[in-house]
>>> print(open('my_file.txt').read())   # compact mmCIF, C-alpha atoms
# COMPACT_ATOMS: atom_id res chain seq x y z
CA MET X 227 0.00 0.00 0.00
CA ARG X 228 1.09 3.50 -0.81
CA THR X 229 1.66 5.92 1.99
CA LYS X 230 0.04 9.28 2.21
CA GLY X 231 3.31 10.97 1.33
CA GLU X 232 3.72 9.04 -1.92
CA THR X 233 0.09 9.83 -2.91
CA GLY X 234 0.66 13.55 -2.32
CA ILE X 235 3.79 13.61 -4.51
CA GLY X 236 1.89 11.92 -7.35
CA LEU X 237 -0.87 14.50 -7.23
CA LEU X 238 1.66 17.32 -7.42
CA ILE X 239 3.27 15.82 -10.56
CA VAL X 240 -0.10 15.50 -12.30
CA VAL X 241 -0.98 19.11 -11.51
CA ALA X 242 2.38 20.29 -12.88
CA LEU X 243 1.89 18.39 -16.15
CA VAL X 244 -1.57 19.87 -16.63
CA VAL X 245 -0.28 23.40 -16.11
CA ALA X 246 2.63 22.85 -18.56
CA GLY X 247 0.24 21.51 -21.17
CA CYS X 248 -1.92 24.57 -20.89
CA VAL X 249 1.07 26.86 -21.36
CA VAL X 250 2.31 24.98 -24.44
CA PHE X 251 -1.18 24.90 -25.93
CA SER X 252 -1.48 28.64 -25.36
CA SER X 253 1.89 29.30 -27.05
CA ASN X 254 1.11 27.11 -30.09
CA GLY X 255 -2.18 28.79 -30.41
CA LYS X 256 -0.51 32.18 -30.66
CA GLU X 257 1.87 30.91 -33.35
CA LEU X 258 -0.97 29.43 -35.37
CA ASN X 259 -2.89 32.67 -35.05
CA ALA X 260 0.23 34.57 -36.23
CA LYS X 261 0.49 32.41 -39.39
CA THR X 262 -3.21 32.64 -40.11
CA ASP X 263 -2.92 36.44 -39.98
CA ILE X 264 -1.12 36.30 -43.48
CA PRO X 265 -3.68 36.18 -46.30
CA PRO X 266 -3.67 32.71 -47.97
CA HIS X 267 -2.79 34.00 -51.54
CA LYS X 268 0.17 36.07 -50.26
CA ARG X 269 1.42 33.20 -48.11
CA ALA X 270 1.44 30.82 -51.14
CA ILE X 271 3.39 33.28 -53.31
CA SER X 272 6.06 33.89 -50.65
CA GLU X 273 6.54 30.14 -50.24
CA ARG X 274 6.89 29.46 -54.00
CA ARG X 275 9.25 32.24 -55.17
CA VAL X 276 13.02 31.66 -54.96
CA PRO X 277 15.22 34.64 -54.02
CA VAL X 278 18.12 35.08 -56.49
CA VAL X 279 21.12 37.32 -57.17
CA LEU X 280 21.93 38.32 -60.76
CA THR X 281 25.34 39.08 -62.29
CA PRO X 282 25.71 40.39 -65.85
CA VAL X 283 27.78 38.55 -68.47
CA SER X 284 31.02 40.51 -69.00
CA LEU X 285 33.90 40.66 -71.45
CA ARG X 286 36.99 39.26 -69.75
CA HIS X 287 40.55 38.13 -70.39
CA PHE X 288 40.97 34.34 -70.32
CA GLU X 289 44.14 32.28 -70.16
CA GLU X 290 45.05 28.62 -70.37
CA ARG X 291 47.95 28.25 -68.00
CA LEU X 292 50.15 25.28 -67.11
CA VAL X 293 51.79 25.69 -63.68
CA VAL X 294 54.89 23.64 -62.83
CA GLN X 295 57.84 23.87 -60.46
CA GLY X 296 61.29 24.59 -61.88
CA ASN X 297 64.82 25.41 -60.80
CA LEU X 298 67.04 28.45 -61.19
CA GLU X 299 70.45 27.82 -62.72
CA ALA X 300 73.33 30.06 -63.76
CA GLN X 301 73.62 30.16 -67.52
CA ASN X 302 77.43 30.19 -67.39
CA VAL X 303 79.05 27.72 -65.00
CA ALA X 304 82.71 26.69 -64.93
CA MET X 305 84.11 23.71 -63.03
CA ILE X 306 87.85 24.42 -62.65
CA PRO X 307 90.12 21.35 -62.30
CA ALA X 308 93.89 21.31 -61.96
CA ARG X 309 95.55 21.31 -65.38
CA VAL X 310 98.34 19.03 -64.24
CA ASN X 311 98.38 16.20 -61.72
CA ALA X 312 100.34 17.80 -58.91
CA THR X 313 99.97 19.08 -55.35
CA ILE X 314 97.88 22.20 -54.86
CA GLU X 315 100.26 24.79 -53.45
CA LYS X 316 97.98 27.80 -52.90
CA ILE X 317 94.32 28.79 -53.38
CA PHE X 318 93.79 32.54 -53.68
CA VAL X 319 89.96 32.73 -53.54
CA ASP X 320 87.15 31.65 -51.22
CA GLU X 321 83.48 30.90 -51.72
CA GLY X 322 81.71 34.18 -52.48
CA THR X 323 84.76 35.82 -54.08
CA SER X 324 83.99 37.73 -57.28
CA VAL X 325 86.38 36.97 -60.14
CA ILE X 326 87.14 38.45 -63.57
CA ALA X 327 87.84 36.27 -66.59
CA GLY X 328 91.54 36.12 -67.48
CA GLU X 329 92.59 38.39 -64.60
CA THR X 330 91.81 36.81 -61.22
CA GLN X 331 94.31 34.19 -59.99
CA LEU X 332 92.51 31.14 -58.61
CA PHE X 333 95.12 28.63 -57.40
CA LEU X 334 98.72 27.51 -57.86
CA ILE X 335 99.90 23.96 -58.47
CA ASP X 336 103.33 22.80 -57.17
CA SER X 337 105.43 25.23 -59.22
CA LEU X 338 108.91 24.18 -57.96
CA ASN X 339 108.79 20.74 -59.57
CA LEU X 340 107.36 22.24 -62.73
CA GLN X 341 110.18 24.80 -62.88
CA LYS X 342 112.70 21.99 -62.50
CA ALA X 343 110.96 20.11 -65.30
CA VAL X 344 111.37 23.16 -67.52
CA GLU X 345 115.09 23.35 -66.73
CA VAL X 346 115.55 19.67 -67.50
CA SER X 347 113.75 20.11 -70.81
CA ARG X 348 115.90 23.10 -71.69
CA GLN X 349 119.05 21.11 -70.99
CA ALA X 350 117.77 18.22 -73.07
CA LEU X 351 117.15 20.63 -75.93
CA ALA X 352 120.67 22.03 -75.64
CA VAL X 353 122.09 18.49 -75.80
CA ALA X 354 119.98 17.77 -78.87
CA LYS X 355 121.26 20.91 -80.57
CA CYS X 356 124.86 19.91 -79.82
CA ALA X 357 124.18 16.47 -81.31
CA VAL X 358 122.97 18.10 -84.51
CA SER X 359 126.12 20.23 -84.70
CA GLU X 360 128.27 17.18 -84.10
CA LYS X 361 126.55 15.23 -86.88
CA LYS X 362 126.91 18.14 -89.29
CA ALA X 363 130.64 18.37 -88.54
CA ASN X 364 130.99 14.65 -89.14
CA LEU X 365 129.21 15.09 -92.46
CA GLU X 366 131.68 17.75 -93.51
CA ARG X 367 134.58 15.40 -92.72
CA VAL X 368 132.97 12.54 -94.64
CA GLU X 369 132.28 14.80 -97.62
CA ALA X 370 135.94 15.86 -97.69
CA GLU X 371 137.03 12.21 -97.72
CA LEU X 372 134.48 11.48 -100.43
CA HIS X 373 135.83 14.36 -102.50
CA LYS X 374 139.37 12.96 -102.29
CA ALA X 375 138.13 9.45 -103.06
CA THR X 376 136.24 10.76 -106.09
CA ILE X 377 139.35 12.46 -107.51
CA ASP X 378 141.43 9.32 -107.01
CA TYR X 379 138.75 7.17 -108.59
CA GLU X 380 138.55 9.33 -111.73
CA ARG X 381 142.35 9.47 -112.07
CA PHE X 382 142.81 5.73 -111.66
CA LYS X 383 140.08 5.09 -114.23
CA LYS X 384 142.17 6.93 -116.82
CA LEU X 385 145.38 5.23 -115.69
CA LEU X 386 143.73 1.81 -115.96
CA LYS X 387 142.53 2.66 -119.47
CA ASN X 388 146.08 3.61 -120.51
CA GLY X 389 147.51 0.50 -118.85
CA ILE X 390 149.58 2.39 -116.36
CA VAL X 391 148.01 0.80 -113.22
CA SER X 392 146.93 -2.74 -112.60
CA ALA X 393 143.33 -3.80 -112.19
CA ASP X 394 144.03 -4.73 -108.56
CA GLU X 395 145.17 -1.21 -107.74
CA PHE X 396 142.11 0.27 -109.49
CA GLU X 397 139.74 -1.99 -107.56
CA ARG X 398 141.28 -0.86 -104.27
CA ILE X 399 140.73 2.82 -105.21
CA GLU X 400 137.20 2.08 -106.43
CA SER X 401 136.34 0.32 -103.15
CA GLY X 402 137.55 3.31 -101.13
CA PHE X 403 135.39 5.61 -103.29
CA LYS X 404 132.26 3.52 -102.70
CA GLN X 405 132.93 3.33 -98.96
CA SER X 406 133.25 7.14 -98.79
CA ALA X 407 129.96 7.55 -100.65
CA ALA X 408 128.25 5.17 -98.21
CA LEU X 409 129.71 6.98 -95.23
CA ARG X 410 128.36 10.21 -96.64
CA LYS X 411 124.81 8.76 -96.73
CA TYR X 412 125.20 7.43 -93.19
CA ALA X 413 126.40 10.82 -91.93
CA GLN X 414 123.37 12.51 -93.48
CA THR X 415 121.08 9.97 -91.82
CA LEU X 416 122.66 10.73 -88.44
CA ILE X 417 121.97 14.42 -89.02
CA ASP X 418 118.31 13.72 -89.87
CA LEU X 419 117.97 11.66 -86.67
CA ALA X 420 119.61 14.38 -84.57
CA VAL X 421 117.31 17.02 -86.06
CA GLU X 422 114.22 14.95 -85.15
CA GLN X 423 115.56 14.46 -81.62
CA GLN X 424 116.02 18.22 -81.39
CA ARG X 425 112.40 18.71 -82.46
CA GLN X 426 111.27 16.28 -79.78
CA ALA X 427 113.28 18.21 -77.19
CA GLU X 428 111.70 21.47 -78.35
CA ILE X 429 108.20 20.00 -78.01
CA ALA X 430 109.03 18.62 -74.55
CA LEU X 431 110.25 22.07 -73.51
CA GLU X 432 107.06 23.69 -74.81
CA MET X 433 104.97 21.20 -72.84
CA ALA X 434 107.01 21.76 -69.68
CA GLU X 435 106.69 25.53 -70.08
CA LYS X 436 102.94 25.17 -70.62
CA ASP X 437 102.65 23.03 -67.49
CA LEU X 438 104.49 25.73 -65.61
CA ARG X 439 102.16 28.38 -66.97
CA ASP X 440 99.18 26.15 -66.12
CA ALA X 441 100.42 25.87 -62.56
CA LEU X 442 98.92 29.30 -61.98
CA VAL X 443 95.25 29.03 -62.91
CA TYR X 444 93.22 32.12 -63.86
CA ALA X 445 89.43 32.50 -63.88
CA PRO X 446 88.02 31.34 -67.25
CA ILE X 447 84.75 33.29 -66.78
CA SER X 448 83.61 36.28 -64.76
CA GLY X 449 81.33 35.52 -61.84
CA THR X 450 81.40 34.31 -58.25
CA VAL X 451 83.16 31.35 -56.63
CA THR X 452 80.24 29.24 -55.38
CA LYS X 453 82.10 26.10 -54.27
CA ARG X 454 85.62 25.22 -53.12
CA PHE X 455 86.13 21.47 -53.44
CA GLN X 456 89.81 21.13 -52.42
CA GLU X 457 92.35 22.74 -50.11
CA PRO X 458 96.11 23.47 -50.34
CA GLY X 459 98.22 20.37 -49.83
CA GLU X 460 95.75 18.07 -51.55
CA MET X 461 96.58 16.40 -54.83
CA GLY X 462 95.21 18.21 -57.84
CA ASP X 463 93.68 16.02 -60.54
CA THR X 464 92.86 16.98 -64.10
CA LYS X 465 89.56 15.07 -63.74
CA GLU X 466 88.42 16.58 -60.42
CA PRO X 467 87.32 20.23 -59.92
CA VAL X 468 89.06 22.46 -57.42
CA LEU X 469 86.58 25.36 -57.70
CA ARG X 470 83.19 26.15 -59.23
CA ILE X 471 82.44 29.59 -60.68
CA GLU X 472 78.94 30.76 -61.61
CA ASP X 473 77.94 33.92 -63.44
CA THR X 474 74.88 35.00 -61.46
CA SER X 475 74.24 38.07 -63.63
CA VAL X 476 72.40 35.83 -66.10
CA VAL X 477 70.33 32.98 -64.70
CA GLU X 478 67.89 30.71 -66.44
CA VAL X 479 64.76 28.93 -65.30
CA SER X 480 64.67 25.23 -66.11
CA ALA X 481 61.37 23.33 -65.98
CA PHE X 482 59.93 20.14 -67.44
CA LEU X 483 56.53 19.91 -69.12
CA PRO X 484 54.41 16.88 -70.12
CA ALA X 485 55.02 15.68 -73.66
CA LYS X 486 51.45 16.44 -74.79
CA PHE X 487 52.22 20.18 -74.67
CA TYR X 488 55.34 19.92 -76.86
CA THR X 489 53.79 21.38 -80.03
CA ARG X 490 52.21 24.28 -78.11
CA ILE X 491 55.51 25.70 -76.84
CA HIS X 492 57.30 28.10 -79.19
CA PRO X 493 60.70 29.53 -78.10
CA GLY X 494 60.80 33.28 -78.48
CA GLU X 495 56.99 33.50 -78.39
CA THR X 496 55.40 31.53 -75.54
CA PRO X 497 55.19 33.70 -72.36
CA SER X 498 55.53 32.42 -68.82
CA GLU X 499 54.95 34.06 -65.45
CA LEU X 500 57.60 33.39 -62.81
CA THR X 501 57.40 33.47 -59.02
CA VAL X 502 60.39 32.95 -56.71
CA CYS X 503 59.95 32.80 -52.93
CA ASP X 504 56.48 34.37 -53.24
CA VAL X 505 58.00 37.25 -55.23
CA ASP X 506 56.46 37.87 -58.64
CA ILE X 507 59.34 38.51 -61.05
CA GLY X 508 57.12 39.17 -64.03
CA ARG X 509 56.43 37.65 -67.41
CA HIS X 510 59.28 36.22 -69.49
CA THR X 511 59.40 34.48 -72.84
CA VAL X 512 60.44 30.85 -73.18
CA SER X 513 63.95 30.97 -74.69
CA TYR X 514 64.62 27.26 -75.17
CA LYS X 515 62.73 24.04 -75.82
CA SER X 516 64.44 20.67 -75.72
CA PRO X 517 64.77 19.19 -79.24
CA THR X 518 63.70 15.79 -77.90
CA ILE X 519 61.26 14.27 -75.40
CA ASP X 520 62.54 12.03 -72.64
CA PRO X 521 61.34 8.55 -73.65
CA LYS X 522 61.09 7.35 -70.04
CA LEU X 523 59.54 10.33 -68.27
CA ARG X 524 57.61 11.64 -71.32
CA THR X 525 58.65 15.18 -70.50
CA PHE X 526 60.69 17.89 -72.21
CA GLU X 527 62.72 20.81 -70.87
CA ILE X 528 62.04 24.51 -71.34
CA LYS X 529 64.17 27.47 -70.21
CA CYS X 530 63.71 31.20 -69.64
CA LEU X 531 66.62 33.64 -69.44
CA LEU X 532 66.69 36.26 -66.67
CA LYS X 533 69.24 39.04 -67.06
CA ASP X 534 70.20 41.12 -64.01
CA PRO X 535 67.73 39.30 -61.73
CA PRO X 536 66.68 40.66 -58.30
CA GLU X 537 68.49 39.50 -55.15
CA CYS X 538 66.07 36.67 -54.38
CA VAL X 539 66.66 35.10 -57.80
CA VAL X 540 69.79 33.01 -57.32
CA PRO X 541 70.91 29.62 -58.68
CA GLY X 542 69.44 26.72 -56.75
CA ALA X 543 66.18 28.42 -55.80
CA MET X 544 62.84 26.88 -56.71
CA VAL X 545 60.61 28.84 -59.09
CA THR X 546 56.92 28.52 -59.93
CA VAL X 547 56.48 28.67 -63.70
CA GLY X 548 53.08 29.53 -65.16
CA VAL X 549 53.31 28.82 -68.89
CA LEU X 550 50.62 30.67 -70.86
CA LEU X 551 49.52 28.20 -73.51
CA GLU X 552 46.66 30.37 -74.80
CA GLN X 553 45.14 33.75 -74.01
CA ARG X 554 42.15 35.60 -75.46
CA LYS X 555 39.16 37.84 -74.63
CA GLY X 556 35.67 36.44 -74.38
CA LEU X 557 32.33 36.55 -72.59
CA GLY X 558 32.44 35.12 -69.09
CA VAL X 559 30.32 34.41 -66.03
CA PRO X 560 31.24 33.37 -62.48
CA ALA X 561 31.85 29.62 -62.32
CA GLU X 562 29.11 29.15 -59.70
CA ALA X 563 26.48 30.39 -62.19
CA ILE X 564 26.91 27.26 -64.32
CA GLN X 565 24.77 24.25 -63.44
CA LYS X 566 25.02 20.70 -64.71
CA ARG X 567 21.57 19.38 -65.61
CA SER X 568 20.91 16.18 -67.58
CA GLY X 569 24.51 16.11 -68.71
CA LYS X 570 24.36 19.67 -70.09
CA SER X 571 25.91 22.89 -68.87
CA ILE X 572 23.31 25.64 -68.36
CA VAL X 573 22.88 29.08 -66.84
CA PHE X 574 19.61 30.67 -65.67
CA VAL X 575 18.30 34.06 -66.80
CA ILE X 576 15.10 35.76 -65.58
CA GLN X 577 12.27 36.57 -67.95
CA ASN X 578 8.95 37.96 -66.66
CA GLY X 579 9.79 36.93 -63.10
CA VAL X 580 10.52 33.29 -63.82
CA ALA X 581 13.74 31.34 -64.42
CA GLN X 582 14.69 30.32 -67.95
CA SER X 583 17.58 27.87 -68.54
CA ILE X 584 20.02 28.42 -71.41
CA GLU X 585 22.44 25.73 -72.56
CA ILE X 586 26.00 27.00 -72.90
CA GLN X 587 29.41 25.75 -74.02
CA LYS X 588 32.27 26.27 -71.61
CA GLY X 589 35.67 27.54 -72.71
CA LEU X 590 38.66 28.58 -70.62
CA GLU X 591 38.44 29.30 -66.89
CA THR X 592 40.45 32.11 -65.28
CA ASP X 593 40.20 33.70 -61.82
CA GLY X 594 36.84 32.07 -61.03
CA TYR X 595 35.23 33.05 -64.34
CA VAL X 596 34.28 30.64 -67.14
CA GLU X 597 34.37 31.61 -70.79
CA LEU X 598 31.07 31.20 -72.67
CA LYS X 599 31.51 30.01 -76.24
CA GLY X 600 28.93 30.49 -78.96
CA ASN X 601 26.07 32.99 -79.15
CA SER X 602 23.80 31.63 -76.42
CA VAL X 603 24.12 34.85 -74.37
CA THR X 604 25.33 38.38 -75.03
CA VAL X 605 27.37 40.84 -73.02
CA SER X 606 25.57 42.39 -70.00
CA THR X 607 22.91 39.64 -69.95
CA PRO X 608 22.07 39.05 -66.24
CA VAL X 609 22.50 35.43 -65.13
CA VAL X 610 21.65 33.92 -61.75
CA THR X 611 24.72 33.58 -59.53
CA ARG X 612 22.99 32.82 -56.22
CA GLY X 613 19.93 30.67 -55.69
CA GLN X 614 20.48 28.82 -58.98
CA VAL X 615 20.71 25.41 -57.30
CA PHE X 616 16.99 25.69 -56.39
CA LEU X 617 15.86 26.66 -59.88
CA LYS X 618 14.40 24.78 -62.78
CA GLN X 619 12.71 25.88 -65.96
CA GLY X 620 9.80 28.21 -65.08
CA THR X 621 10.52 28.58 -61.37
CA PRO X 622 9.16 31.96 -60.08
CA VAL X 623 11.90 34.08 -58.53
CA THR X 624 12.41 37.21 -56.54
CA VAL X 625 15.47 39.28 -57.50
CA ILE X 626 17.00 40.47 -54.26
CA LYS X 627 20.21 41.91 -55.72
CA LYS X 628 21.85 42.72 -59.04
CA ALA X 629 25.65 42.43 -58.84
CA SER X 630 27.69 44.70 -61.05
>>> encode(input="my_file.txt", output="structure tokens")
Amino acid sequence: MRTKGETGIGLLIVVALVVAGCVVFSSNGKELNAKTDIPPHKRAISERRVPVVLTPVSLRHFEERLVVQGNLEAQNVAMIPARVNATIEKIFVDEGTSVIAGETQLFLIDSLNLQKAVEVSRQALAVAKCAVSEKKANLERVEAELHKATIDYERFKKLLKNGIVSADEFERIESGFKQSAALRKYAQTLIDLAVEQQRQAEIALEMAEKDLRDALVYAPISGTVTKRFQEPGEMGDTKEPVLRIEDTSVVEVSAFLPAKFYTRIHPGETPSELTVCDVDIGRHTVSYKSPTIDPKLRTFEIKCLLKDPPECVVPGAMVTVGVLLEQRKGLGVPAEAIQKRSGKSIVFVIQNGVAQSIEIQKGLETDGYVELKGNSVTVSTPVVTRGQVFLKQGTPVTVIKKAS
């Protein structure tokens, strides 16, 4: 059995619920009365009409742009190796040093050994010259002996004919004549050999002198030393660079584009817009297009030259390249005005207070505007740019704003 206390609590809850129901019923009644205060025909119209915003079709500039990432490179770069395989004696420049072509000394290779090599070559040349003189003197002696042998031979020929000398004596004189003639040929051959040896010595001296001159290396191009690969005391190698010099006064942008755009890029004509480190450095013309397409990556390289670039444009930086493939003027509307219905692109215009759909052909899209191709609309024609998602052919509308 319930107690008196529990029965009292139950009665209080019932009373509270009744009071709350009366309040709610009173409130709903007021709301219903508020709605019924609007005349039925006006209430139907306000519920059916769609509020819209109109924007006129305008003549705009459209671009087809291909945006890729590229790199900045110095157009002129020189990797400077040692010209002879020898120890690096001194390096006169550091990274960041500006150099002038043909004037600035870069580094010195072990000059003492090279100087000694020059002296040795000079001595070898002097010996070769002495050998030539010796062989010429020997030739003069042999020619004198040949001259005497020739006179004796001619005289004994006459004596033999007159029977004054015996055949044995004539043969002895004739043999001496032939030996002298042979010695003369041999002496001339020795001279020819000595002359060639002298030429070899002259060439060796020229090479030694060139090595000595090459020991002191000058800058081949003007620019800035951007890398120092070796230090004094290390072994210089004709195949390994000691320094790298870059001419940063002329840099070039290098980027790679997909192969399908190859025929649309024309060096000297195609413009591109460049951005480095969020700095717009303007529009530049493509200066180079690779003559071939990479068969593996299916890409090709383009370049743009930048003369006297700003401080932020330095080799090694990344650059955003916007290649302008096509640009023209045309009629355009905001992209949001275009709806896709039944597989067709349409825009809505307002005629006599209702929506009318017009099929359009889309062209290029630039800065949120889409080019309209064909003659479906004309310039300044207002099209719906807000509320269009709720429209269909013949939907009544209320124009709440006309955008300029």
>>> closest_atom_pairs(input="my_file.txt", of="range 492-566 of chain X", to="range 600-622 of chain X", cutoff="7 Å", atoms="all atoms listed in the file", output="JSON lines")
{"residue": "X:Leu557", "atom": "CA", "partner": "X:Val605", "partner_atom": "CA", "distance": 6.6}
{"residue": "X:Glu562", "atom": "CA", "partner": "X:Thr611", "partner_atom": "CA", "distance": 6.2}
{"residue": "X:Ala563", "atom": "CA", "partner": "X:Thr611", "partner_atom": "CA", "distance": 4.5}
>>> axis_aligned_box(input="my_file.txt", around="range 524-528 of chain X", padding_each_side="3 Å", output="lines of an AutoDock Vina configuration file")
center_x = 60.2
center_y = 18.1
center_z = -71.4
size_x = 11.1
size_y = 18.9
size_z = 7.7
>>> atom_distance(input="my_file.txt", atom1="CA of Pro536 in chain X", atom2="CA of Val505 in chain X")
9.8 Å
>>> closest_residue(input="my_file.txt", among="X:Gln456, X:Leu442, X:Leu386, X:Ser284", to="Asp320 in chain X", atoms="all atoms listed in the file")
X:Gln456
>>> atom_distance(input="my_file.txt", atom1="CA of Glu321 in chain X", atom2="CA of Asn302 in chain X")
16.8 Å
>>> closest_residue(input="my_file.txt", among="X:Glu527, X:Asp336, X:Glu400, X:Glu329", to="Met461 in chain X", atoms="all atoms listed in the file")
X:Asp336
>>> residues_around(input="my_file.txt", residues="range 429-434 of chain X", least_positions_apart="2", cutoff="10 Å", atoms="all atoms listed in the file", output="ChimeraX atom specification")
/X:340-351,423-427,436-440
>>> residues_around(input="my_file.txt", residues="Val539 in chain X", least_positions_apart="2", cutoff="12 Å", atoms="only C-alpha atoms", output="MDAnalysis selection string")
chainID X and resid 297:300 474:479 500:507 531:537 541:546
>>> atom_distance(input="my_file.txt", atom1="CA of Val293 in chain X", atom2="CA of Gly548 in chain X")
4.3 Å
>>> build_atoms(input="my_file.txt", residues="range 597-616 of chain X", atoms="N, CA and C atoms", output="PDB file, in the coordinates of the input")
ATOM      1  N   GLU X 597      34.663  31.047 -69.482  1.00  0.00           N
ATOM      2  CA  GLU X 597      34.370  31.610 -70.790  1.00  0.00           C
ATOM      3  C   GLU X 597      33.144  30.919 -71.394  1.00  0.00           C
ATOM      4  N   LEU X 598      32.249  31.720 -71.990  1.00  0.00           N
ATOM      5  CA  LEU X 598      31.070  31.200 -72.670  1.00  0.00           C
ATOM      6  C   LEU X 598      31.308  31.239 -74.171  1.00  0.00           C
ATOM      7  N   LYS X 599      31.287  30.096 -74.805  1.00  0.00           N
ATOM      8  CA  LYS X 599      31.510  30.010 -76.240  1.00  0.00           C
ATOM      9  C   LYS X 599      30.173  29.993 -76.968  1.00  0.00           C
ATOM     10  N   GLY X 600      30.171  30.464 -78.183  1.00  0.00           N
ATOM     11  CA  GLY X 600      28.930  30.490 -78.960  1.00  0.00           C
ATOM     12  C   GLY X 600      28.153  31.772 -78.736  1.00  0.00           C
ATOM     13  N   ASN X 601      26.911  31.787 -79.207  1.00  0.00           N
ATOM     14  CA  ASN X 601      26.070  32.990 -79.150  1.00  0.00           C
ATOM     15  C   ASN X 601      24.843  32.793 -78.262  1.00  0.00           C
ATOM     16  N   SER X 602      24.968  31.912 -77.264  1.00  0.00           N
ATOM     17  CA  SER X 602      23.800  31.630 -76.420  1.00  0.00           C
ATOM     18  C   SER X 602      23.414  32.825 -75.556  1.00  0.00           C
ATOM     19  N   VAL X 603      24.383  33.638 -75.146  1.00  0.00           N
ATOM     20  CA  VAL X 603      24.120  34.850 -74.370  1.00  0.00           C
ATOM     21  C   VAL X 603      24.964  35.979 -74.931  1.00  0.00           C
ATOM     22  N   THR X 604      24.594  37.201 -74.570  1.00  0.00           N
ATOM     23  CA  THR X 604      25.330  38.380 -75.030  1.00  0.00           C
ATOM     24  C   THR X 604      25.877  39.124 -73.822  1.00  0.00           C
ATOM     25  N   VAL X 605      26.765  40.076 -74.084  1.00  0.00           N
ATOM     26  CA  VAL X 605      27.370  40.840 -73.020  1.00  0.00           C
ATOM     27  C   VAL X 605      26.294  41.604 -72.254  1.00  0.00           C
ATOM     28  N   SER X 606      26.463  41.697 -70.935  1.00  0.00           N
ATOM     29  CA  SER X 606      25.570  42.390 -70.000  1.00  0.00           C
ATOM     30  C   SER X 606      24.290  41.621 -69.692  1.00  0.00           C
ATOM     31  N   THR X 607      24.087  40.439 -70.289  1.00  0.00           N
ATOM     32  CA  THR X 607      22.910  39.640 -69.950  1.00  0.00           C
ATOM     33  C   THR X 607      23.005  39.187 -68.488  1.00  0.00           C
ATOM     34  N   PRO X 608      21.998  39.489 -67.640  1.00  0.00           N
ATOM     35  CA  PRO X 608      22.070  39.050 -66.240  1.00  0.00           C
ATOM     36  C   PRO X 608      21.822  37.547 -66.133  1.00  0.00           C
ATOM     37  N   VAL X 609      22.682  36.858 -65.398  1.00  0.00           N
ATOM     38  CA  VAL X 609      22.500  35.430 -65.130  1.00  0.00           C
ATOM     39  C   VAL X 609      22.462  35.242 -63.621  1.00  0.00           C
ATOM     40  N   VAL X 610      21.806  34.178 -63.178  1.00  0.00           N
ATOM     41  CA  VAL X 610      21.650  33.920 -61.750  1.00  0.00           C
ATOM     42  C   VAL X 610      22.963  33.370 -61.193  1.00  0.00           C
ATOM     43  N   THR X 611      23.476  34.031 -60.159  1.00  0.00           N
ATOM     44  CA  THR X 611      24.720  33.580 -59.530  1.00  0.00           C
ATOM     45  C   THR X 611      24.526  33.183 -58.073  1.00  0.00           C
ATOM     46  N   ARG X 612      23.296  33.317 -57.554  1.00  0.00           N
ATOM     47  CA  ARG X 612      22.990  32.820 -56.220  1.00  0.00           C
ATOM     48  C   ARG X 612      21.526  32.413 -56.183  1.00  0.00           C
ATOM     49  N   GLY X 613      21.281  31.218 -55.678  1.00  0.00           N
ATOM     50  CA  GLY X 613      19.930  30.670 -55.690  1.00  0.00           C
ATOM     51  C   GLY X 613      19.681  29.747 -56.865  1.00  0.00           C
ATOM     52  N   GLN X 614      20.667  29.611 -57.759  1.00  0.00           N
ATOM     53  CA  GLN X 614      20.480  28.820 -58.980  1.00  0.00           C
ATOM     54  C   GLN X 614      20.299  27.332 -58.709  1.00  0.00           C
ATOM     55  N   VAL X 615      20.818  26.846 -57.581  1.00  0.00           N
ATOM     56  CA  VAL X 615      20.710  25.410 -57.300  1.00  0.00           C
ATOM     57  C   VAL X 615      19.252  25.008 -57.023  1.00  0.00           C
ATOM     58  N   PHE X 616      18.391  25.991 -56.687  1.00  0.00           N
ATOM     59  CA  PHE X 616      16.990  25.690 -56.390  1.00  0.00           C
ATOM     60  C   PHE X 616      16.081  25.910 -57.596  1.00  0.00           C
TER      61      PHE X 616
END
